[in-house]
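What follows is the content of protein-v8.pdb, which has PDB, C-alpha atoms and all ligand atoms:
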```pdb
ATOM      1  CA  MET P   1      48.234  88.265 112.596
ATOM      2  CA  SER P   2      45.738  86.119 114.508
ATOM      3  CA  HIS P   3      48.133  84.899 117.169
ATOM      4  CA  PRO P   4      46.893  85.491 120.748
ATOM      5  CA  PHE P   5      49.635  87.452 122.548
ATOM      6  CA  ARG P   6      50.937  85.680 125.635
ATOM      7  CA  LYS P   7      52.009  88.235 128.187
ATOM      8  CA  LYS P   8      53.416  85.479 130.402
ATOM      9  CA  TRP P   9      55.956  84.728 127.649
ATOM     10  CA  GLY P  10      56.985  88.355 127.199
ATOM     11  CA  GLN P  11      55.573  88.610 123.692
ATOM     12  CA  ASN P  12      56.184  92.015 122.149
ATOM     13  CA  PHE P  13      56.662  91.652 118.415
ATOM     14  CA  LEU P  14      58.740  93.976 116.255
ATOM     15  CA  ARG P  15      56.666  95.699 113.619
ATOM     16  CA  ASP P  16      59.049  98.237 112.084
ATOM     17  CA  PRO P  17      61.072  97.172 109.005
ATOM     18  CA  ASN P  18      63.729  99.871 109.567
ATOM     19  CA  THR P  19      64.409  98.701 113.112
ATOM     20  CA  ILE P  20      64.546  95.085 111.947
ATOM     21  CA  THR P  21      67.099  95.970 109.231
ATOM     22  CA  LYS P  22      69.184  97.983 111.697
ATOM     23  CA  ILE P  23      69.277  95.061 114.152
ATOM     24  CA  ILE P  24      70.231  92.520 111.485
ATOM     25  CA  ASN P  25      72.966  94.808 110.122
ATOM     26  CA  CYS P  26      74.486  95.058 113.591
ATOM     27  CA  LEU P  27      74.855  91.281 113.733
ATOM     28  CA  GLN P  28      76.763  91.323 110.399
ATOM     29  CA  PRO P  29      75.551  87.871 109.304
ATOM     30  CA  CYS P  30      77.423  85.992 106.545
ATOM     31  CA  ALA P  31      76.124  83.104 104.465
ATOM     32  CA  SER P  32      78.467  80.635 106.181
ATOM     33  CA  ASP P  33      77.556  81.664 109.758
ATOM     34  CA  THR P  34      75.593  79.476 112.106
ATOM     35  CA  ILE P  35      73.101  81.726 113.851
ATOM     36  CA  LEU P  36      71.014  81.046 116.936
ATOM     37  CA  GLU P  37      67.883  83.118 117.438
ATOM     38  CA  ILE P  38      66.232  83.075 120.850
ATOM     39  CA  GLY P  39      62.469  83.695 120.849
ATOM     40  CA  PRO P  40      61.753  84.139 117.112
ATOM     41  CA  GLY P  41      58.065  84.861 117.749
ATOM     42  CA  ASP P  42      56.286  85.116 114.421
ATOM     43  CA  GLY P  43      59.541  85.550 112.513
ATOM     44  CA  ALA P  44      60.090  89.323 112.335
ATOM     45  CA  LEU P  45      63.887  88.891 112.539
ATOM     46  CA  THR P  46      64.012  85.320 111.213
ATOM     47  CA  SER P  47      62.457  86.255 107.867
ATOM     48  CA  GLU P  48      65.271  88.759 107.227
ATOM     49  CA  LEU P  49      68.085  86.656 108.674
ATOM     50  CA  ASN P  50      66.943  83.793 106.515
ATOM     51  CA  LYS P  51      67.920  85.778 103.405
ATOM     52  CA  GLN P  52      71.481  86.281 104.631
ATOM     53  CA  SER P  53      72.554  83.123 106.407
ATOM     54  CA  ASP P  54      72.442  79.425 105.525
ATOM     55  CA  HIS P  55      72.353  77.851 108.998
ATOM     56  CA  ILE P  56      69.841  79.249 111.447
ATOM     57  CA  HIS P  57      68.508  77.644 114.631
ATOM     58  CA  VAL P  58      65.548  79.228 116.390
ATOM     59  CA  VAL P  59      64.276  78.298 119.855
ATOM     60  CA  GLU P  60      60.676  79.230 120.656
ATOM     61  CA  ILE P  61      58.573  78.181 123.655
ATOM     62  CA  ASP P  62      55.098  78.930 122.271
ATOM     63  CA  PRO P  63      53.695  75.968 120.272
ATOM     64  CA  LEU P  64      51.313  78.238 118.334
ATOM     65  CA  LEU P  65      54.213  80.364 117.111
ATOM     66  CA  VAL P  66      56.232  77.258 116.270
ATOM     67  CA  ALA P  67      53.330  76.044 114.125
ATOM     68  CA  GLN P  68      53.195  79.433 112.414
ATOM     69  CA  LEU P  69      56.944  79.471 111.722
ATOM     70  CA  GLU P  70      56.751  75.952 110.296
ATOM     71  CA  LYS P  71      54.235  77.168 107.717
ATOM     72  CA  TYR P  72      56.857  79.520 106.240
ATOM     73  CA  ASN P  73      58.840  76.456 105.121
ATOM     74  CA  TYR P  74      62.211  78.122 105.554
ATOM     75  CA  SER P  75      64.791  75.828 103.957
ATOM     76  CA  ASN P  76      67.691  76.986 106.132
ATOM     77  CA  VAL P  77      66.007  77.382 109.542
ATOM     78  CA  VAL P  78      65.813  74.596 112.135
ATOM     79  CA  ILE P  79      62.903  75.303 114.478
ATOM     80  CA  HIS P  80      63.198  74.009 118.046
ATOM     81  CA  ARG P  81      60.139  74.053 120.278
ATOM     82  CA  ALA P  82      61.723  74.459 123.720
ATOM     83  CA  ASP P  83      62.275  76.598 126.762
ATOM     84  CA  PHE P  84      65.630  78.179 125.970
ATOM     85  CA  LEU P  85      66.738  77.826 129.597
ATOM     86  CA  ASP P  86      66.572  74.019 129.198
ATOM     87  CA  TRP P  87      67.870  73.899 125.646
ATOM     88  CA  ASP P  88      71.212  72.203 125.004
ATOM     89  CA  LEU P  89      73.636  74.471 123.160
ATOM     90  CA  SER P  90      76.314  71.815 122.768
ATOM     91  CA  HIS P  91      75.411  70.763 119.225
ATOM     92  CA  LEU P  92      76.080  74.259 117.826
ATOM     93  CA  PRO P  93      79.507  74.710 116.232
ATOM     94  CA  LYS P  94      82.129  76.903 117.898
ATOM     95  CA  GLY P  95      81.948  80.532 116.794
ATOM     96  CA  PHE P  96      78.220  80.771 116.178
ATOM     97  CA  LYS P  97      76.385  84.100 116.380
ATOM     98  CA  ILE P  98      73.397  84.869 118.582
ATOM     99  CA  ILE P  99      70.472  87.197 118.096
ATOM    100  CA  GLY P 100      67.359  87.784 120.166
ATOM    101  CA  ASN P 101      64.678  90.246 121.086
ATOM    102  CA  LEU P 102      64.533  88.661 124.514
ATOM    103  CA  PRO P 103      61.392  87.980 126.537
ATOM    104  CA  TYR P 104      61.806  90.485 129.383
ATOM    105  CA  TYR P 105      60.693  88.136 132.169
ATOM    106  CA  ILE P 106      63.753  85.894 131.748
ATOM    107  CA  SER P 107      66.294  88.196 130.051
ATOM    108  CA  SER P 108      68.783  87.904 132.921
ATOM    109  CA  PRO P 109      68.770  84.082 133.228
ATOM    110  CA  ILE P 110      69.109  83.809 129.433
ATOM    111  CA  LEU P 111      72.063  86.189 129.500
ATOM    112  CA  PHE P 112      73.766  84.267 132.329
ATOM    113  CA  LYS P 113      73.331  81.020 130.412
ATOM    114  CA  LEU P 114      74.974  82.549 127.335
ATOM    115  CA  LEU P 115      77.821  84.100 129.337
ATOM    116  CA  ALA P 116      78.560  80.716 130.900
ATOM    117  CA  TRP P 117      78.630  79.072 127.492
ATOM    118  CA  HIS P 118      81.085  81.535 125.969
ATOM    119  CA  ASN P 119      81.624  79.548 122.794
ATOM    120  CA  TRP P 120      80.081  82.084 120.437
ATOM    121  CA  GLU P 121      81.637  84.831 118.360
ATOM    122  CA  ARG P 122      79.196  87.725 118.619
ATOM    123  CA  MET P 123      75.876  88.272 120.282
ATOM    124  CA  LEU P 124      73.241  90.876 119.590
ATOM    125  CA  LEU P 125      70.476  91.103 122.154
ATOM    126  CA  MET P 126      67.620  93.466 122.827
ATOM    127  CA  PHE P 127      66.681  94.237 126.435
ATOM    128  CA  GLN P 128      64.409  96.635 128.234
ATOM    129  CA  LYS P 129      66.334  99.891 128.514
ATOM    130  CA  GLU P 130      66.754  99.765 132.284
ATOM    131  CA  LEU P 131      68.373  96.321 132.205
ATOM    132  CA  ALA P 132      70.586  97.389 129.285
ATOM    133  CA  GLN P 133      71.809 100.336 131.351
ATOM    134  CA  ARG P 134      72.597  98.056 134.282
ATOM    135  CA  ILE P 135      74.583  95.748 132.010
ATOM    136  CA  VAL P 136      76.925  98.529 130.801
ATOM    137  CA  SER P 137      76.963 100.526 134.054
ATOM    138  CA  LYS P 138      80.365 101.469 135.501
ATOM    139  CA  HIS P 139      81.385 100.962 139.135
ATOM    140  CA  GLY P 140      80.393 103.821 141.413
ATOM    141  CA  ASN P 141      76.958 104.124 139.787
ATOM    142  CA  LYS P 142      73.731 103.109 141.457
ATOM    143  CA  SER P 143      72.832 100.857 138.543
ATOM    144  CA  TYR P 144      76.141  98.924 138.762
ATOM    145  CA  GLY P 145      75.619  95.422 140.097
ATOM    146  CA  ARG P 146      76.187  91.713 139.680
ATOM    147  CA  ILE P 147      75.020  91.645 136.057
ATOM    148  CA  SER P 148      77.355  94.564 135.134
ATOM    149  CA  VAL P 149      80.365  92.755 136.623
ATOM    150  CA  MET P 150      79.559  89.415 134.988
ATOM    151  CA  CYS P 151      78.971  90.928 131.534
ATOM    152  CA  GLN P 152      82.000  93.240 131.612
ATOM    153  CA  VAL P 153      84.408  90.575 132.911
ATOM    154  CA  TYR P 154      83.475  88.013 130.260
ATOM    155  CA  CYS P 155      82.629  90.333 127.341
ATOM    156  CA  ASP P 156      83.205  93.634 125.633
ATOM    157  CA  VAL P 157      79.701  95.014 125.609
ATOM    158  CA  ASN P 158      78.224  98.114 123.945
ATOM    159  CA  ILE P 159      74.835  99.741 123.637
ATOM    160  CA  GLU P 160      74.287 100.064 119.872
ATOM    161  CA  PHE P 161      71.021 102.001 119.814
ATOM    162  CA  MET P 162      67.729 102.573 121.593
ATOM    163  CA  VAL P 163      64.423 101.230 120.258
ATOM    164  CA  SER P 164      61.171 103.033 120.932
ATOM    165  CA  LYS P 165      58.355 101.058 122.555
ATOM    166  CA  ASN P 166      56.157 102.297 119.672
ATOM    167  CA  VAL P 167      57.653  99.806 117.177
ATOM    168  CA  PHE P 168      56.295  96.753 119.047
ATOM    169  CA  ARG P 169      52.877  95.083 119.114
ATOM    170  CA  PRO P 170      51.560  94.862 121.714
ATOM    171  CA  LYS P 171      53.290  98.012 122.894
ATOM    172  CA  PRO P 172      55.437  97.424 126.006
ATOM    173  CA  GLU P 173      55.572  99.926 128.853
ATOM    174  CA  VAL P 174      59.197 100.925 128.313
ATOM    175  CA  ASP P 175      61.722 101.488 125.524
ATOM    176  CA  SER P 176      64.374  98.911 124.664
ATOM    177  CA  ALA P 177      68.062  98.926 123.774
ATOM    178  CA  VAL P 178      70.135  96.758 121.450
ATOM    179  CA  LEU P 179      73.469  95.560 122.828
ATOM    180  CA  THR P 180      76.398  93.768 121.203
ATOM    181  CA  PHE P 181      78.604  91.375 123.139
ATOM    182  CA  PHE P 182      82.014  90.066 122.079
ATOM    183  CA  PRO P 183      83.553  87.387 124.305
ATOM    184  CA  LYS P 184      86.875  88.135 125.996
ATOM    185  CA  ASN P 185      89.329  85.285 125.796
ATOM    186  CA  ASN P 186      92.332  86.026 127.939
ATOM    187  CA  ASP P 187      92.874  84.578 131.403
ATOM    188  CA  LEU P 188      89.227  84.520 132.512
ATOM    189  CA  PRO P 189      88.092  83.282 135.927
ATOM    190  CA  ASP P 190      86.210  79.994 136.167
ATOM    191  CA  PHE P 191      82.617  81.024 135.458
ATOM    192  CA  SER P 192      80.878  79.068 138.178
ATOM    193  CA  ALA P 193      83.254  80.042 141.005
ATOM    194  CA  PHE P 194      83.425  83.685 139.893
ATOM    195  CA  SER P 195      79.659  83.900 139.550
ATOM    196  CA  LYS P 196      79.156  82.633 143.117
ATOM    197  CA  LEU P 197      81.762  85.069 144.421
ATOM    198  CA  VAL P 198      80.136  88.098 142.754
ATOM    199  CA  LYS P 199      76.675  87.006 143.906
ATOM    200  CA  GLN P 200      77.906  86.776 147.486
ATOM    201  CA  ALA P 201      79.763  90.097 147.235
ATOM    202  CA  PHE P 202      76.509  91.808 146.184
ATOM    203  CA  SER P 203      74.288  89.867 148.609
ATOM    204  CA  GLN P 204      73.836  93.045 150.683
ATOM    205  CA  ARG P 205      74.568  96.077 148.548
ATOM    206  CA  ARG P 206      74.877  98.554 151.401
ATOM    207  CA  LYS P 207      77.275  96.392 153.405
ATOM    208  CA  LYS P 208      81.061  96.464 153.069
ATOM    209  CA  LEU P 209      82.920  93.643 151.427
ATOM    210  CA  LYS P 210      84.259  92.386 154.776
ATOM    211  CA  ASN P 211      80.623  91.728 155.785
ATOM    212  CA  ASN P 212      79.592  90.112 152.527
ATOM    213  CA  LEU P 213      82.727  87.918 152.231
ATOM    214  CA  PRO P 214      83.456  87.184 155.912
ATOM    215  CA  GLU P 215      85.469  83.967 155.380
ATOM    216  CA  ALA P 216      87.874  85.591 152.930
ATOM    217  CA  TYR P 217      88.164  88.586 155.254
ATOM    218  CA  LYS P 218      88.974  86.421 158.277
ATOM    219  CA  LEU P 219      91.696  84.700 156.245
ATOM    220  CA  GLY P 220      93.214  88.132 155.533
ATOM    221  CA  LYS P 221      92.690  87.854 151.762
ATOM    222  CA  ILE P 222      90.630  90.938 150.986
ATOM    223  CA  GLU P 223      92.163  93.592 153.279
ATOM    224  CA  LYS P 224      92.580  95.985 150.362
ATOM    225  CA  TRP P 225      88.823  96.087 149.630
ATOM    226  CA  ALA P 226      87.470  95.282 153.118
ATOM    227  CA  ASP P 227      85.817  98.668 153.660
ATOM    228  CA  SER P 228      84.500  99.125 150.105
ATOM    229  CA  ARG P 229      80.917  98.478 149.126
ATOM    230  CA  PRO P 230      80.451  96.041 146.213
ATOM    231  CA  GLU P 231      79.237  98.791 143.878
ATOM    232  CA  GLU P 232      82.595 100.617 144.340
ATOM    233  CA  ILE P 233      84.662  97.670 143.077
ATOM    234  CA  SER P 234      85.505  97.560 139.354
ATOM    235  CA  PRO P 235      85.223  94.393 137.223
ATOM    236  CA  HIS P 236      89.042  94.279 137.074
ATOM    237  CA  GLU P 237      89.255  94.398 140.889
ATOM    238  CA  PHE P 238      86.697  91.592 141.134
ATOM    239  CA  ILE P 239      89.081  89.479 139.055
ATOM    240  CA  GLN P 240      91.893  90.373 141.480
ATOM    241  CA  ILE P 241      89.692  89.372 144.429
ATOM    242  CA  TYR P 242      88.889  86.080 142.684
ATOM    243  CA  LYS P 243      92.591  85.440 142.173
ATOM    244  CA  VAL P 244      93.598  86.100 145.787
ATOM    245  CA  ILE P 245      90.814  83.852 147.034
ATOM    246  CA  PHE P 246      90.977  80.982 144.516
ATOM    247  CA  VAL P 247      94.453  81.123 143.008
ATOM    248  CA  GLY P 248      96.408  82.373 146.049
TER     249      GLY P 248
HETATM  250  N1  LIG Q 301      61.677  87.854 117.832
HETATM  251  C1  LIG Q 301      60.290  88.272 117.833
HETATM  252  C2  LIG Q 301      60.219  89.751 117.460
HETATM  253  O1  LIG Q 301      61.255  90.433 117.636
HETATM  254  O2  LIG Q 301      59.178  90.191 117.018
HETATM  255  C3  LIG Q 301      59.592  88.027 119.175
HETATM  256  C4  LIG Q 301      60.263  88.654 120.381
HETATM  257  S1  LIG Q 301      59.289  88.534 121.872
HETATM  258  C5  LIG Q 301      59.940  89.902 122.808
HETATM  259  C6  LIG Q 301      60.035  87.179 122.770
HETATM  260  C7  LIG Q 301      59.778  85.792 122.209
HETATM  261  O3  LIG Q 301      60.393  84.824 123.085
HETATM  262  C8  LIG Q 301      58.303  85.377 122.114
HETATM  263  O4  LIG Q 301      58.052  84.809 120.871
HETATM  264  C9  LIG Q 301      58.127  84.338 123.236
HETATM  265  O5  LIG Q 301      57.113  83.394 122.968
HETATM  266  C10 LIG Q 301      59.515  83.722 123.267
HETATM  267  N2  LIG Q 301      59.860  83.098 124.553
HETATM  268  C11 LIG Q 301      59.436  83.459 125.785
HETATM  269  N3  LIG Q 301      59.987  82.673 126.720
HETATM  270  C12 LIG Q 301      60.798  81.798 126.073
HETATM  271  C13 LIG Q 301      61.634  80.738 126.511
HETATM  272  N4  LIG Q 301      61.760  80.426 127.799
HETATM  273  N5  LIG Q 301      62.316  80.027 125.571
HETATM  274  C14 LIG Q 301      62.185  80.328 124.240
HETATM  275  N6  LIG Q 301      61.403  81.339 123.778
HETATM  276  C15 LIG Q 301      60.726  82.063 124.683
END
```
Would you give me this structure, written as structure tokens?
Ligand code: SAM
Amino acid sequence: MSHPFRKKWGQNFLRDPNTITKIINCLQPCASDTILEIGPGDGALTSELNKQSDHIHVVEIDPLLVAQLEKYNYSNVVIHRADFLDWDLSHLPKGFKIIGNLPYYISSPILFKLLAWHNWERMLLMFQKELAQRIVSKHGNKSYGRISVMCQVYCDVNIEFMVSKNVFRPKPEVDSAVLTFFPKNNDLPDFSAFSKLVKQAFSQRRKKLKNNLPEAYKLGKIEKWADSRPEEISPHEFIQIYKVIFVG
């Protein structure tokens, strides 16, 4: 391939057919599904997905890659040249599926955007291994943080398998992991308010909750957790904290 790799856009392309098949199988695409692919690159996943699903949307920022994808003349793939962070998801039908070997430099903002949307049925995303471990980390661990709470409150999330850095070109510095996300539906906190609360709770990791949430503490709402550090509080307890603060 003659494409000049753009490091600034996190371009590491999959080059191993077995890994590609394994990833696609995890998504379990059906012909009738609408599928969104984030960052299709030169089509490593798209060219396989295209055989299994009739309605595919891909969002790619690099105009050179968009031009290359257009040459394939896929009949069932709509190619959008856009920055995914600015792209409007509202025209996709409820229950769509998502796939992406995400550009590492904006993996977290992309994930937060998708969590906030929450209108999809299943999501299969590849992250650098360290971020994947933070996403699934349990409270009490060093790697547990804001992103763990947000993902585990709004989704059931699992690491499916690890992917060696050797199957990408150019080769990244670290291995990756493939994660599946299924949205939870019951009695979820308002995303925007909950997100702000968790961000504030983790604003100083080493401080106790009474220091990070001083207003709620002064109002006597978080007595139970006042002397805990944010990393000691489970996702379920964060929902309880949200409820005592916002619901009463
Ligand atoms: N899916 C391909 C594969 O697995 O071989 C490429 C994956 S590569 C890790 C990430 C892709 O995301 C690149 O094609 C890059 O140009 C694209 N990308 C980077 N930033 C983006 C953004 N903000 N919006 C949409 N695509 C982006």
task: Go through P:Glu232, P:Asp33, P:Glu160, P:Asp227 one by one, measure the shortest atom-to-atom distance of each to Gly95 of chain P using all atoms listed in the file, and give the residue with the smallest value.
output: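 Among the listed residues, the smallest separation from Gly95 of chain P belongs to P:Asp33.
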field: Residues near Val78 of chain P, cut-off 9 Å, all atoms listed in the file, skip fewer than 2 positions along chain, as a PyMOL selection string
entry: chain P and resi 55-59+74-76+80
field: Site check for ligand LIG 301 (chain Q): residues at most 9 Å away, only C-alpha atoms and all ligand atoms, as a ChimeraX atom specification
entry: /P:5-15,20,37-46,58-63,65,80-87,99-106,110,126-127,168-169
message: Just the number, please: distance in Å from atom CA of Gly248 of chain P to atom CA of Leu114 of chain P, one decimal.
response: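 Interatomic distance, atom CA of Gly248 of chain P to atom CA of Leu114 of chain P: 28.5 Å.
Nearest to Arg134 of chain P of all the residues P:Asp16, P:Asp187, P:Glu231, P:Glu237 is P:Glu231, based on all atoms listed in the file.
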Distance query Tyr144 of chain P at most 12 Å, all atoms listed in the file, self and fewer than 3 positions along chain excluded, as an MDAnalysis selection string: chainID P and resid 130:141 147:152 202 205 229:235
- line: Restricting to all atoms listed in the file, whichever of P:His236, P:Lys171, P:His91, P:Lys97 is closest to Met123 of chain P is P:Lys97
Please, what is the axis-aligned box for every listed atom of segment 32-41 of chain P with 5 Å on each side, as centre and edge lengths in Å to one decimal, as JSON?
```
{"center_x": 68.3, "center_y": 82.2, "center_z": 113.5, "size_x": 30.4, "size_y": 15.4, "size_z": 24.7}
```
query: With all atoms listed in the file as the atoms that count, which of P:Lys196, P:Leu36, P:Pro170, P:Ser164 lies nearest to Pro4 of chain P?
result: P:Pro170
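Near Glu215 of chain P, within 12 Å and counting all atoms listed in the file, sit Leu197, Gln200, Ala201, Leu209, Lys210, Asn211, Asn212, Lys218, Leu219, Gly220, Lys221, Ile222, Glu223, Ala226 and Ile245 of chain P, not including residues fewer than 3 positions from it in the same chain.
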message: Quick check, in Å to one decimal: how far apart do atom CA of Ser53 of chain P and atom CA of Asp175 of chain P lie?
response: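 Between these atoms lies a distance of 28.6 Å.
Nearest to Asp190 of chain P of all the residues P:Tyr242, P:Tyr72, P:Phe96, P:Phe161 is P:Tyr242, based on all atoms listed in the file.
Atom CA of Thr34 of chain P sits 10.9 Å away from atom CA of Gln52 of chain P.
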